[in-house]
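File shown here: target-v4.pdb, holding PDB, C-alpha atoms.
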```pdb
ATOM      1  CA  ALA A  19      89.126  81.149  69.612  1.00  0.00           C
ATOM      2  CA  ILE A  20      85.859  82.500  71.016  1.00  0.00           C
ATOM      3  CA  LEU A  21      86.233  85.731  69.046  1.00  0.00           C
ATOM      4  CA  ARG A  22      87.048  83.821  65.881  1.00  0.00           C
ATOM      5  CA  MET A  23      83.907  81.730  66.342  1.00  0.00           C
ATOM      6  CA  LYS A  24      81.758  84.811  66.888  1.00  0.00           C
ATOM      7  CA  ILE A  25      83.179  86.388  63.749  1.00  0.00           C
ATOM      8  CA  SER A  26      82.457  83.316  61.627  1.00  0.00           C
ATOM      9  CA  GLN A  27      78.845  83.331  62.833  1.00  0.00           C
ATOM     10  CA  CYS A  28      78.086  87.056  62.356  1.00  0.00           C
ATOM     11  CA  ALA A  29      76.056  88.325  59.386  1.00  0.00           C
ATOM     12  CA  TYR A  30      78.736  90.762  58.105  1.00  0.00           C
ATOM     13  CA  TRP A  31      81.271  87.969  57.824  1.00  0.00           C
ATOM     14  CA  LYS A  32      78.889  85.676  55.962  1.00  0.00           C
ATOM     15  CA  GLU A  33      77.555  88.344  53.620  1.00  0.00           C
ATOM     16  CA  HIS A  34      80.614  90.503  52.933  1.00  0.00           C
ATOM     17  CA  CYS A  35      83.818  88.722  53.913  1.00  0.00           C
ATOM     18  CA  PHE A  36      83.458  85.111  52.858  1.00  0.00           C
ATOM     19  CA  GLY A  37      84.720  85.458  49.284  1.00  0.00           C
ATOM     20  CA  LEU A  38      87.011  88.478  49.673  1.00  0.00           C
ATOM     21  CA  SER A  39      90.446  88.628  48.045  1.00  0.00           C
ATOM     22  CA  ALA A  40      93.303  91.019  48.793  1.00  0.00           C
ATOM     23  CA  ALA A  41      92.082  93.287  45.991  1.00  0.00           C
ATOM     24  CA  THR A  42      88.397  93.353  46.937  1.00  0.00           C
ATOM     25  CA  LEU A  43      89.100  93.691  50.651  1.00  0.00           C
ATOM     26  CA  VAL A  44      90.316  97.258  50.035  1.00  0.00           C
ATOM     27  CA  ASP A  45      86.848  98.316  48.904  1.00  0.00           C
ATOM     28  CA  LYS A  46      85.337  97.061  52.170  1.00  0.00           C
ATOM     29  CA  ALA A  47      88.078  98.754  54.190  1.00  0.00           C
ATOM     30  CA  MET A  48      87.372 102.112  52.540  1.00  0.00           C
ATOM     31  CA  LYS A  49      83.764 101.971  53.773  1.00  0.00           C
ATOM     32  CA  LEU A  50      84.684 101.568  57.445  1.00  0.00           C
ATOM     33  CA  ASN A  51      83.606 104.388  59.770  1.00  0.00           C
ATOM     34  CA  SER A  52      84.994 103.047  63.067  1.00  0.00           C
ATOM     35  CA  TYR A  53      87.436 100.531  64.479  1.00  0.00           C
ATOM     36  CA  GLY A  54      87.374  98.155  67.411  1.00  0.00           C
ATOM     37  CA  SER A  55      86.949  94.536  68.375  1.00  0.00           C
ATOM     38  CA  THR A  56      83.484  93.821  69.785  1.00  0.00           C
ATOM     39  CA  TYR A  57      80.491  95.865  70.893  1.00  0.00           C
ATOM     40  CA  GLY A  58      77.155  95.549  72.658  1.00  0.00           C
ATOM     41  CA  PRO A  59      76.143  93.342  75.599  1.00  0.00           C
ATOM     42  CA  THR A  60      76.592  90.186  73.522  1.00  0.00           C
ATOM     43  CA  LYS A  61      80.065  91.200  72.294  1.00  0.00           C
ATOM     44  CA  LYS A  62      79.231  91.293  68.591  1.00  0.00           C
ATOM     45  CA  PRO A  63      82.314  91.523  66.343  1.00  0.00           C
ATOM     46  CA  THR A  64      82.837  94.798  64.495  1.00  0.00           C
ATOM     47  CA  LYS A  65      83.299  95.059  60.735  1.00  0.00           C
ATOM     48  CA  PHE A  66      86.867  96.150  61.454  1.00  0.00           C
ATOM     49  CA  ILE A  67      87.788  92.957  63.312  1.00  0.00           C
ATOM     50  CA  CYS A  68      86.035  90.841  60.668  1.00  0.00           C
ATOM     51  CA  LEU A  69      88.330  92.332  58.024  1.00  0.00           C
ATOM     52  CA  ILE A  70      91.360  91.729  60.260  1.00  0.00           C
ATOM     53  CA  LEU A  71      90.480  88.039  60.469  1.00  0.00           C
ATOM     54  CA  LYS A  72      89.991  87.900  56.694  1.00  0.00           C
ATOM     55  CA  MET A  73      93.444  89.428  56.208  1.00  0.00           C
ATOM     56  CA  LEU A  74      94.908  86.772  58.506  1.00  0.00           C
ATOM     57  CA  GLN A  75      93.307  84.145  56.287  1.00  0.00           C
ATOM     58  CA  ILE A  76      94.355  85.455  52.906  1.00  0.00           C
ATOM     59  CA  GLN A  77      97.741  86.828  54.095  1.00  0.00           C
ATOM     60  CA  PRO A  78      98.121  89.729  51.641  1.00  0.00           C
ATOM     61  CA  ASP A  79     101.567  90.639  50.387  1.00  0.00           C
ATOM     62  CA  MET A  80     103.533  92.910  52.739  1.00  0.00           C
ATOM     63  CA  GLU A  81     103.685  95.589  50.038  1.00  0.00           C
ATOM     64  CA  ILE A  82      99.883  95.795  50.148  1.00  0.00           C
ATOM     65  CA  ILE A  83      99.986  96.173  53.946  1.00  0.00           C
ATOM     66  CA  LYS A  84     102.522  98.993  53.604  1.00  0.00           C
ATOM     67  CA  GLU A  85     100.195 100.710  51.133  1.00  0.00           C
ATOM     68  CA  PHE A  86      97.398 100.405  53.682  1.00  0.00           C
ATOM     69  CA  ILE A  87      99.563 102.019  56.344  1.00  0.00           C
ATOM     70  CA  MET A  88     100.760 104.840  54.071  1.00  0.00           C
ATOM     71  CA  ASN A  89      97.224 105.619  52.861  1.00  0.00           C
ATOM     72  CA  ASP A  90      96.515 109.233  53.858  1.00  0.00           C
ATOM     73  CA  ASP A  91      92.996 109.379  52.415  1.00  0.00           C
ATOM     74  CA  PHE A  92      91.241 106.633  54.393  1.00  0.00           C
ATOM     75  CA  LYS A  93      92.161 106.629  58.059  1.00  0.00           C
ATOM     76  CA  TYR A  94      90.499 103.283  58.857  1.00  0.00           C
ATOM     77  CA  VAL A  95      92.380 101.640  56.001  1.00  0.00           C
ATOM     78  CA  ARG A  96      95.538 102.950  57.677  1.00  0.00           C
ATOM     79  CA  LEU A  97      94.488 101.522  61.042  1.00  0.00           C
ATOM     80  CA  LEU A  98      93.588  98.202  59.446  1.00  0.00           C
ATOM     81  CA  GLY A  99      97.106  97.926  58.029  1.00  0.00           C
ATOM     82  CA  ALA A 100      98.679  99.027  61.333  1.00  0.00           C
ATOM     83  CA  VAL A 101      96.789  96.464  63.426  1.00  0.00           C
ATOM     84  CA  TYR A 102      97.492  93.674  60.937  1.00  0.00           C
ATOM     85  CA  LEU A 103     101.210  94.494  60.828  1.00  0.00           C
ATOM     86  CA  ARG A 104     101.317  94.510  64.628  1.00  0.00           C
ATOM     87  CA  LEU A 105      99.835  90.985  64.568  1.00  0.00           C
ATOM     88  CA  VAL A 106     102.101  89.394  61.972  1.00  0.00           C
ATOM     89  CA  GLY A 107     105.089  91.687  61.385  1.00  0.00           C
ATOM     90  CA  ARG A 108     108.657  91.578  62.649  1.00  0.00           C
ATOM     91  CA  SER A 109     109.452  93.962  65.480  1.00  0.00           C
ATOM     92  CA  ALA A 110     111.808  96.060  63.327  1.00  0.00           C
ATOM     93  CA  ASP A 111     109.171  96.462  60.584  1.00  0.00           C
ATOM     94  CA  ILE A 112     106.502  97.353  63.137  1.00  0.00           C
ATOM     95  CA  TYR A 113     108.610 100.203  64.527  1.00  0.00           C
ATOM     96  CA  GLN A 114     109.736 101.317  61.090  1.00  0.00           C
ATOM     97  CA  PHE A 115     106.264 101.626  59.584  1.00  0.00           C
ATOM     98  CA  LEU A 116     104.127 102.532  62.607  1.00  0.00           C
ATOM     99  CA  GLU A 117     106.302 105.186  64.273  1.00  0.00           C
ATOM    100  CA  PRO A 118     105.806 107.702  61.410  1.00  0.00           C
ATOM    101  CA  LEU A 119     102.083 107.576  62.229  1.00  0.00           C
ATOM    102  CA  TYR A 120     102.806 109.424  65.480  1.00  0.00           C
ATOM    103  CA  THR A 121     102.317 112.579  63.411  1.00  0.00           C
ATOM    104  CA  ASP A 122      98.777 111.591  62.367  1.00  0.00           C
ATOM    105  CA  TYR A 123      96.501 113.487  64.755  1.00  0.00           C
ATOM    106  CA  ARG A 124      93.212 112.785  63.000  1.00  0.00           C
ATOM    107  CA  VAL A 125      90.257 111.700  65.111  1.00  0.00           C
ATOM    108  CA  VAL A 126      88.810 108.208  64.689  1.00  0.00           C
ATOM    109  CA  ARG A 127      85.890 106.471  66.376  1.00  0.00           C
ATOM    110  CA  LYS A 128      86.426 103.399  68.499  1.00  0.00           C
ATOM    111  CA  LYS A 129      83.318 101.229  68.793  1.00  0.00           C
ATOM    112  CA  LEU A 130      82.602 100.315  72.414  1.00  0.00           C
ATOM    113  CA  GLU A 131      80.073  98.194  74.224  1.00  0.00           C
ATOM    114  CA  HIS A 132      77.772 101.233  74.238  1.00  0.00           C
ATOM    115  CA  GLY A 133      78.398 103.956  71.662  1.00  0.00           C
ATOM    116  CA  TYR A 134      81.725 105.275  70.455  1.00  0.00           C
ATOM    117  CA  GLN A 135      84.875 106.830  71.841  1.00  0.00           C
ATOM    118  CA  LYS A 136      86.749 109.523  69.934  1.00  0.00           C
ATOM    119  CA  ILE A 137      90.489 108.975  69.874  1.00  0.00           C
ATOM    120  CA  HIS A 138      93.418 110.209  67.768  1.00  0.00           C
ATOM    121  CA  ILE A 139      95.338 107.926  65.438  1.00  0.00           C
ATOM    122  CA  ASP A 140      98.656 108.695  67.137  1.00  0.00           C
ATOM    123  CA  GLU A 141      97.129 107.466  70.423  1.00  0.00           C
ATOM    124  CA  VAL A 142      96.101 104.189  68.785  1.00  0.00           C
ATOM    125  CA  ILE A 143      99.635 103.758  67.423  1.00  0.00           C
ATOM    126  CA  SER A 144     101.116 104.471  70.846  1.00  0.00           C
ATOM    127  CA  GLU A 145      98.907 101.766  72.342  1.00  0.00           C
ATOM    128  CA  LEU A 146      99.915  99.256  69.649  1.00  0.00           C
ATOM    129  CA  LEU A 147     103.616  99.909  70.287  1.00  0.00           C
ATOM    130  CA  SER A 148     103.453  99.914  74.075  1.00  0.00           C
ATOM    131  CA  SER A 149     101.001  97.108  74.886  1.00  0.00           C
ATOM    132  CA  ASN A 150     100.532  93.460  73.993  1.00  0.00           C
ATOM    133  CA  ASN A 151      96.793  93.601  74.616  1.00  0.00           C
ATOM    134  CA  VAL A 152      94.798  96.054  72.502  1.00  0.00           C
ATOM    135  CA  MET A 153      91.111  95.933  71.524  1.00  0.00           C
ATOM    136  CA  GLU A 154      90.688  92.744  73.562  1.00  0.00           C
ATOM    137  CA  ILE A 155      93.248  91.069  71.287  1.00  0.00           C
ATOM    138  CA  ALA A 156      96.407  89.415  72.589  1.00  0.00           C
ATOM    139  CA  PHE A 157      99.209  90.621  70.303  1.00  0.00           C
ATOM    140  CA  PRO A 158     102.591  88.898  69.902  1.00  0.00           C
ATOM    141  CA  HIS A 159     105.399  90.142  72.131  1.00  0.00           C
ATOM    142  CA  LEU A 160     107.117  93.214  70.672  1.00  0.00           C
ATOM    143  CA  LEU A 161     110.858  93.526  71.260  1.00  0.00           C
ATOM    144  CA  LYS A 162     111.958  96.661  73.072  1.00  0.00           C
ATOM    145  CA  ARG A 163     113.180  99.325  70.729  1.00  0.00           C
ATOM    146  CA  TRP A 164     116.456  99.882  72.595  1.00  0.00           C
ATOM    147  CA  LYS A 165     117.380  96.232  72.094  1.00  0.00           C
ATOM    148  CA  LEU A 166     116.960  96.598  68.331  1.00  0.00           C
ATOM    149  CA  GLU A 167     119.064  99.776  68.468  1.00  0.00           C
ATOM    150  CA  GLU A 168     121.823  97.995  70.398  1.00  0.00           C
ATOM    151  CA  ALA A 169     121.778  95.217  67.808  1.00  0.00           C
ATOM    152  CA  GLY A 170     122.169  97.797  65.038  1.00  0.00           C
ATOM    153  CA  ILE A 171     118.844  96.833  63.478  1.00  0.00           C
ATOM    154  CA  LEU A 172     117.190 100.216  64.114  1.00  0.00           C
ATOM    155  CA  GLN A 173     118.600 103.715  64.252  1.00  0.00           C
ATOM    156  CA  PRO A 174     117.759 105.841  67.319  1.00  0.00           C
ATOM    157  CA  ARG A 175     114.383 107.414  66.799  1.00  0.00           C
ATOM    158  CA  GLU A 176     114.137 111.166  66.340  1.00  0.00           C
ATOM    159  CA  SER A 177     110.962 112.538  67.799  1.00  0.00           C
ATOM    160  CA  PRO A 178     108.922 114.835  65.515  1.00  0.00           C
ATOM    161  CA  LEU A 179     108.816 117.247  68.461  1.00  0.00           C
ATOM    162  CA  GLU A 180     112.618 117.340  68.495  1.00  0.00           C
ATOM    163  CA  GLU A 181     112.656 118.024  64.764  1.00  0.00           C
ATOM    164  CA  GLU A 182     110.129 120.829  65.227  1.00  0.00           C
ATOM    165  CA  ALA A 183     112.245 122.219  68.083  1.00  0.00           C
ATOM    166  CA  ASP A 184     115.363 122.151  65.869  1.00  0.00           C
ATOM    167  CA  ILE A 185     113.481 123.971  63.111  1.00  0.00           C
ATOM    168  CA  LEU A 186     112.181 126.530  65.612  1.00  0.00           C
ATOM    169  CA  LEU A 187     115.686 127.111  67.002  1.00  0.00           C
ATOM    170  CA  ALA A 188     117.055 127.543  63.479  1.00  0.00           C
ATOM    171  CA  GLN A 189     114.325 130.073  62.672  1.00  0.00           C
ATOM    172  CA  GLU A 190     115.020 131.991  65.883  1.00  0.00           C
ATOM    173  CA  ALA A 191     118.754 132.015  65.117  1.00  0.00           C
ATOM    174  CA  ALA A 192     118.067 133.307  61.594  1.00  0.00           C
ATOM    175  CA  GLU A 193     115.745 136.021  62.936  1.00  0.00           C
ATOM    176  CA  ALA A 194     118.351 137.033  65.551  1.00  0.00           C
ATOM    177  CA  ALA A 195     121.030 137.245  62.846  1.00  0.00           C
ATOM    178  CA  ILE A 196     118.767 139.428  60.673  1.00  0.00           C
ATOM    179  CA  LYS A 197     117.990 141.688  63.655  1.00  0.00           C
ATOM    180  CA  GLU A 198     121.686 141.963  64.529  1.00  0.00           C
ATOM    181  CA  GLU A 199     122.511 142.870  60.923  1.00  0.00           C
ATOM    182  CA  GLU A 200     119.743 145.509  60.891  1.00  0.00           C
ATOM    183  CA  GLU A 201     121.044 147.014  64.151  1.00  0.00           C
ATOM    184  CA  ARG A 202     124.624 147.032  62.806  1.00  0.00           C
ATOM    185  CA  LYS A 203     123.467 148.762  59.635  1.00  0.00           C
ATOM    186  CA  ALA A 204     121.453 151.298  61.648  1.00  0.00           C
ATOM    187  CA  GLN A 205     124.516 152.100  63.781  1.00  0.00           C
ATOM    188  CA  GLN A 206     126.632 152.411  60.647  1.00  0.00           C
ATOM    189  CA  ASP A 207     124.096 154.781  59.073  1.00  0.00           C
ATOM    190  CA  GLN A 208     124.006 156.807  62.304  1.00  0.00           C
ATOM    191  CA  ARG A 209     127.803 157.125  62.319  1.00  0.00           C
ATOM    192  CA  LYS A 210     127.742 158.228  58.686  1.00  0.00           C
ATOM    193  CA  GLU A 211     125.075 160.817  59.455  1.00  0.00           C
ATOM    194  CA  LEU A 212     127.066 162.169  62.420  1.00  0.00           C
ATOM    195  CA  ALA A 213     130.220 162.327  60.292  1.00  0.00           C
ATOM    196  CA  LEU A 214     128.315 164.211  57.579  1.00  0.00           C
ATOM    197  CA  LYS A 215     126.911 166.684  60.105  1.00  0.00           C
ATOM    198  CA  LYS A 216     130.379 167.221  61.560  1.00  0.00           C
ATOM    199  CA  LYS A 217     131.789 167.841  58.099  1.00  0.00           C
ATOM    200  CA  GLU A 218     129.033 170.333  57.310  1.00  0.00           C
ATOM    201  CA  ALA A 219     129.614 172.082  60.650  1.00  0.00           C
ATOM    202  CA  GLU A 220     133.367 172.335  59.946  1.00  0.00           C
ATOM    203  CA  LYS A 221     132.653 173.706  56.479  1.00  0.00           C
ATOM    204  CA  GLU A 222     130.297 176.307  57.868  1.00  0.00           C
ATOM    205  CA  SER A 223     132.819 177.254  60.542  1.00  0.00           C
ATOM    206  CA  ASN A 224     135.568 177.643  57.929  1.00  0.00           C
ATOM    207  CA  GLU A 225     133.343 179.840  55.797  1.00  0.00           C
ATOM    208  CA  GLN A 226     132.553 182.040  58.779  1.00  0.00           C
ATOM    209  CA  ALA A 227     136.240 182.222  59.621  1.00  0.00           C
ATOM    210  CA  LYS A 228     137.007 183.343  56.068  1.00  0.00           C
ATOM    211  CA  LYS A 229     134.290 185.995  56.165  1.00  0.00           C
ATOM    212  CA  LYS A 230     135.495 187.519  59.445  1.00  0.00           C
ATOM    213  CA  PRO A 231     138.816 189.031  58.202  1.00  0.00           C
ATOM    214  CA  ARG A 232     137.100 190.556  55.199  1.00  0.00           C
ATOM    215  CA  SER A 233     134.616 192.150  57.503  1.00  0.00           C
ATOM    216  CA  GLU A 234     137.440 193.638  59.565  1.00  0.00           C
ATOM    217  CA  GLU A 235     139.182 194.897  56.390  1.00  0.00           C
ATOM    218  CA  ASN A 236     135.995 196.593  55.270  1.00  0.00           C
ATOM    219  CA  SER A 237     135.590 198.310  58.597  1.00  0.00           C
ATOM    220  CA  LEU A 238     139.221 199.579  58.515  1.00  0.00           C
ATOM    221  CA  PHE A 239     138.773 200.788  54.936  1.00  0.00           C
ATOM    222  CA  ASP A 240     135.589 202.664  55.883  1.00  0.00           C
ATOM    223  CA  LYS A 241     137.385 204.238  58.819  1.00  0.00           C
ATOM    224  CA  TYR A 242     140.298 205.268  56.617  1.00  0.00           C
ATOM    225  CA  LYS A 243     137.873 206.683  54.036  1.00  0.00           C
ATOM    226  CA  GLU A 244     136.126 208.728  56.704  1.00  0.00           C
ATOM    227  CA  GLU A 245     139.453 210.086  57.939  1.00  0.00           C
ATOM    228  CA  VAL A 246     140.435 211.089  54.400  1.00  0.00           C
ATOM    229  CA  GLU A 247     137.118 212.821  53.778  1.00  0.00           C
ATOM    230  CA  GLU A 248     137.398 214.641  57.108  1.00  0.00           C
ATOM    231  CA  SER A 249     140.887 215.761  56.220  1.00  0.00           C
ATOM    232  CA  GLU A 250     139.780 217.091  52.816  1.00  0.00           C
ATOM    233  CA  LYS A 251     136.944 219.051  54.432  1.00  0.00           C
ATOM    234  CA  LYS A 252     139.400 220.749  56.780  1.00  0.00           C
ATOM    235  CA  GLU A 253     141.677 221.661  53.910  1.00  0.00           C
ATOM    236  CA  ARG A 254     138.779 223.239  51.977  1.00  0.00           C
ATOM    237  CA  GLY A 255     137.632 225.061  55.074  1.00  0.00           C
TER     238      GLY A 255
END
```
Is it possible to express this structure as structure tokens?
Amino acid sequence: AILRMKISQCAYWKEHCFGLSAATLVDKAMKLNSYGSTYGPTKKPTKFICLILKMLQIQPDMEIIKEFIMNDDFKYVRLLGAVYLRLVGRSADIYQFLEPLYTDYRVVRKKLEHGYQKIHIDEVISELLSSNNVMEIAFPHLLKRWKLEEAGILQPRESPLEEEADILLAQEAAEAAIKEEEERKAQQDQRKELALKKKEAEKESNEQAKKKPRSEENSLFDKYKEEVEESEKKERG
């Protein structure tokens, strides 16, 4: 109640939020450069929390909130939709639409009492899903995920890290299979090369074996020829 009163009295609310509709609120959300609840020693409300209160007043259609959450271009529009859904949504819808944001690692600025704190969107989502008090706001109780799983309302959640691990294991298995195939082919080529060398060696050995008798025949013929010539010389002498 105190925060609501401070919001209704701040200049941003009076000048920029008073006559907003669901359509025109998007334009204001796109201009946000930080998120948070209050800041400064007097706990002034942020523009972000002013727009949250305006959304609670006008109650935009849930399809519009989903578009906010799925908006990849404007990270504070995404956070605006996430915080609003956490305030008014059913537990099953909150898990269904906020858990995919665990893969959004972009940095956002949280406005503090003095200055800003840099934090990642997935950290903000983790806080929204694990706590009932975020940004000095008391959020409705969120049912435990395992209870919704037991009731068959939600499927067991697969962590993006598990999916990445499965992909990595599949890649390693494929690389191992390729390496094994290359080694098998190399061994096959080596066996073929050895078989070819053996065949060539046998061929060369056979050729040498064939040449050897001829060589012996030639030597016997030469010896016989010499004996004949020697005999003829004796007869002439």
7 Å contact set for A:Lys72, only C-alpha atoms, chain neighbours under 4 positions out, as a PDB file with C-alpha atoms, in the coordinates of the input:
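Full text of around.pdb as output:
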```pdb
ATOM      1  CA  CYS A  35      83.818  88.722  53.913  1.00  0.00           C
ATOM      2  CA  CYS A  68      86.035  90.841  60.668  1.00  0.00           C
ATOM      3  CA  ILE A  76      94.355  85.455  52.906  1.00  0.00           C
TER       4      ILE A  76
END
```
May I have the residues within 10 Å of A:Pro118 as a ChimeraX atom specification, using all atoms listed in the file and disregarding those fewer than 3 positions away in the same chain?
/A:87-88,113-115,121-122,140,143,177-178
Which neighbours of A:Ser148 fall inside 12 Å, counting only C-alpha atoms, when residues of the same chain fewer than 3 positions from it are skipped, and could you give them as a ChimeraX atom specification?
/A:104,112-113,116-117,141-145,151-152,157-163
Can you spell out as an MDAnalysis selection string the set of residues that the PyMOL selection byres ((chain A and resi 25) around 12) selects in the structure I just provided?
chainID A and resid 19:24 26:36 55:56 61:72
Got a sec to check which residues sit within 10 Å of (94.4, 102.1, 60.5), counting all atoms listed in the file, and write them as an mmCIF file with C-alpha atoms, in the coordinates of the input?
```
data_model
loop_
_atom_site.group_PDB
_atom_site.id
_atom_site.type_symbol
_atom_site.label_atom_id
_atom_site.label_comp_id
_atom_site.auth_asym_id
_atom_site.auth_seq_id
_atom_site.Cartn_x
_atom_site.Cartn_y
_atom_site.Cartn_z
ATOM 1 C CA ALA A 47 88.078 98.754 54.190
ATOM 2 C CA SER A 52 84.994 103.047 63.067
ATOM 3 C CA TYR A 53 87.436 100.531 64.479
ATOM 4 C CA PHE A 66 86.867 96.150 61.454
ATOM 5 C CA PHE A 86 97.398 100.405 53.682
ATOM 6 C CA ILE A 87 99.563 102.019 56.344
ATOM 7 C CA MET A 88 100.760 104.840 54.071
ATOM 8 C CA ASN A 89 97.224 105.619 52.861
ATOM 9 C CA ASP A 90 96.515 109.233 53.858
ATOM 10 C CA PHE A 92 91.241 106.633 54.393
ATOM 11 C CA LYS A 93 92.161 106.629 58.059
ATOM 12 C CA TYR A 94 90.499 103.283 58.857
ATOM 13 C CA VAL A 95 92.380 101.640 56.001
ATOM 14 C CA ARG A 96 95.538 102.950 57.677
ATOM 15 C CA LEU A 97 94.488 101.522 61.042
ATOM 16 C CA LEU A 98 93.588 98.202 59.446
ATOM 17 C CA GLY A 99 97.106 97.926 58.029
ATOM 18 C CA ALA A 100 98.679 99.027 61.333
ATOM 19 C CA VAL A 101 96.789 96.464 63.426
ATOM 20 C CA TYR A 102 97.492 93.674 60.937
ATOM 21 C CA LEU A 116 104.127 102.532 62.607
ATOM 22 C CA LEU A 119 102.083 107.576 62.229
ATOM 23 C CA VAL A 126 88.810 108.208 64.689
ATOM 24 C CA ILE A 139 95.338 107.926 65.438
ATOM 25 C CA VAL A 142 96.101 104.189 68.785
ATOM 26 C CA ILE A 143 99.635 103.758 67.423
#
```
Which residue, A:Ala110, A:Ile83, A:Val44, A:Leu50, has the smallest gap to A:Lys165 when you use all atoms listed in the file?
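Selected residue with least distance to A:Lys165: A:Ala110.
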Quick one: pull the distance between atom CA of A:Ala40 and atom CA of A:Pro78, Å, one decimal.
5.7 Å
Selected by the PyMOL selection byres ((chain A and resi 134) around 12) in the shown coordinates: which residues, as a list in words?
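Selection result, ordered by chain and number: Asn51, Ser52, Tyr53, Gly54, Thr56, Tyr57, Gly58, Val125, Val126, Arg127, Lys128, Lys129, Leu130, Glu131, His132, Gly133, Gln135, Lys136 and Ile137 of chain A.
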Expressed in Å, the length from atom CA of A:Glu225 to atom CA of A:Asp207 is 26.9 Å
Can you tell me, as JSON, the centre and edge lengths (Å, one decimal) of the axis-aligned box enclosing all of stretch 144-163 of chain A's listed atoms after padding each side by 6 Å?
```
{"center_x": 101.9, "center_y": 96.7, "center_z": 72.3, "size_x": 34.5, "size_y": 27.6, "size_z": 17.2}
```
Go ahead and compute the interatomic distance for atom CA of A:Lys203 and atom CA of A:Ala219, in Å to one decimal.
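Separation between atom CA of A:Lys203 and atom CA of A:Ala219: 24.1 Å.
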